[in-house]
Amino acid sequence: MKKAILFGASGFIGRYLLDELLSNPLYELVTIVVRKNLQIDHPKLKTLIGDYHTLPGLEKDIVADDIFITLGTTKKTTPDKDEYYQVDHDYPVLAAKMAKENGARAVFIVTAVGPDKNSTIFYLKTKWETERDILALDFEHTNIFRPSMIMGTRKEQRSLEKILIGIWRVINPVFMGKLNRFKGIEGKDIAKAINNAAKHQSEKVRIYHWKEMNELCRANSSKP
């Protein structure tokens, strides 16, 4: 049996993924690193309290076979570009580096559709740089998930996001063929796809867009 560590367990996708990992018989221990205790009681769960600044002090506990990263923020939550970059780039890369140095063999990270090193859009350029630096760590298996619009009901109120999700539900059928990577996908389905991908690791690098995630989240979760 293996051990997993999850960064971003308090987030929208992370909460679903935590449930998936705790139910996954492949893992005997699931460690989460969060800023505050989520008050979740489970025999397989280990909670570490920390963030980007305090993570080096947790180095001896950042031990797992597989590391899962669903960290991310929004411009509204983190308007300062330096802080935004720290959450979306620096923290994931540091977490992955520490886990790799402690023996992790596989990394699973959520970025976004369309990362581009030459983009004038800060968000897309940051995602590209995050992927670049995660790949440079040279895990045995690197799994990158690139959703477009992430659907679902969040606890916090985001009026603009709610409107965009509504629009996406209407236009989703328009994205056909090569454009299907822009289809919206439920947060819980992304989590299910990540968990199912962890059960069958063979490729050095694998990138998942809507089609691949959609197929994975519908895979038989009972398969070994």
# chains A, B, ... in the order shown; residues from 1 in each chain; ligands from 1

$ select_by_dssp --residues "region 28-189 of chain A" --states "strand (DSSP E or B)" --output "ChimeraX atom specification"
/A:28-34,45-49,66-69,106-110,141-145,150-151,185-186

$ residues_around --residues "region 117-125 of chain A" --least-positions-apart "5" --cutoff "9 Å" --atoms "only C-alpha atoms" --output "list of chain:residue names"
A:Lys75, A:Lys81, A:Tyr85, A:Asp88, A:Ala112, A:Thr130

$ write_last_selection --atoms "C-alpha atoms" --output "compact mmCIF listing (two decimals), in the first residue's frame"
# COMPACT_ATOMS: atom_id res chain seq x y z
CA LYS A 75 -7.35 37.62 -8.87
CA LYS A 81 0.70 39.65 -8.54
CA TYR A 85 2.51 33.90 -8.24
CA ASP A 88 0.04 29.39 -8.10
CA ALA A 112 -5.53 25.15 -16.61
CA THR A 130 4.39 26.06 -13.02

$ residues_around --residues "His141 (chain A)" --least-positions-apart "3" --cutoff "9 Å" --atoms "only C-alpha atoms" --output "MDAnalysis selection string"
chainID A and resid 105:108 138 201:206

$ residues_around --residues "Tyr52 (chain A)" --least-positions-apart "5" --cutoff "9 Å" --atoms "only C-alpha atoms" --output "list in words"
Gln86, Val87, Asp90, Tyr91, Pro92, Leu94 and Ala95 of chain A

$ select_by_dssp --residues "region 74-118 of chain A" --states "helix (DSSP H, G or I)" --output "PyMOL selection string"
chain A and resi 81-101

$ write_last_selection --atoms "C-alpha atoms" --output "PDB file, in the first residue's frame"
ATOM      1  CA  LYS A  81       0.705  39.651  -8.542  1.00  0.00           C
ATOM      2  CA  ASP A  82       3.637  38.585  -6.373  1.00  0.00           C
ATOM      3  CA  GLU A  83       1.354  36.875  -3.859  1.00  0.00           C
ATOM      4  CA  TYR A  84      -0.672  35.325  -6.693  1.00  0.00           C
ATOM      5  CA  TYR A  85       2.510  33.898  -8.238  1.00  0.00           C
ATOM      6  CA  GLN A  86       3.560  32.542  -4.877  1.00  0.00           C
ATOM      7  CA  VAL A  87       0.306  30.584  -4.511  1.00  0.00           C
ATOM      8  CA  ASP A  88       0.042  29.387  -8.105  1.00  0.00           C
ATOM      9  CA  HIS A  89       3.714  28.746  -8.832  1.00  0.00           C
ATOM     10  CA  ASP A  90       6.133  28.926  -5.905  1.00  0.00           C
ATOM     11  CA  TYR A  91       4.118  26.859  -3.435  1.00  0.00           C
ATOM     12  CA  PRO A  92       3.297  23.965  -5.813  1.00  0.00           C
ATOM     13  CA  VAL A  93       6.884  23.778  -7.056  1.00  0.00           C
ATOM     14  CA  LEU A  94       8.345  23.858  -3.528  1.00  0.00           C
ATOM     15  CA  ALA A  95       5.909  21.202  -2.325  1.00  0.00           C
ATOM     16  CA  ALA A  96       6.692  18.940  -5.279  1.00  0.00           C
ATOM     17  CA  LYS A  97      10.445  19.441  -4.861  1.00  0.00           C
ATOM     18  CA  MET A  98      10.346  18.516  -1.174  1.00  0.00           C
ATOM     19  CA  ALA A  99       8.192  15.455  -1.814  1.00  0.00           C
ATOM     20  CA  LYS A 100      10.495  14.320  -4.642  1.00  0.00           C
ATOM     21  CA  GLU A 101      13.559  14.688  -2.429  1.00  0.00           C
TER      22      GLU A 101
END

$ closest_residue --among "A:Ile171, A:Leu18, A:Ile40, A:Ala4" --to "Ala64 (chain A)" --atoms "only C-alpha atoms"
A:Ala4
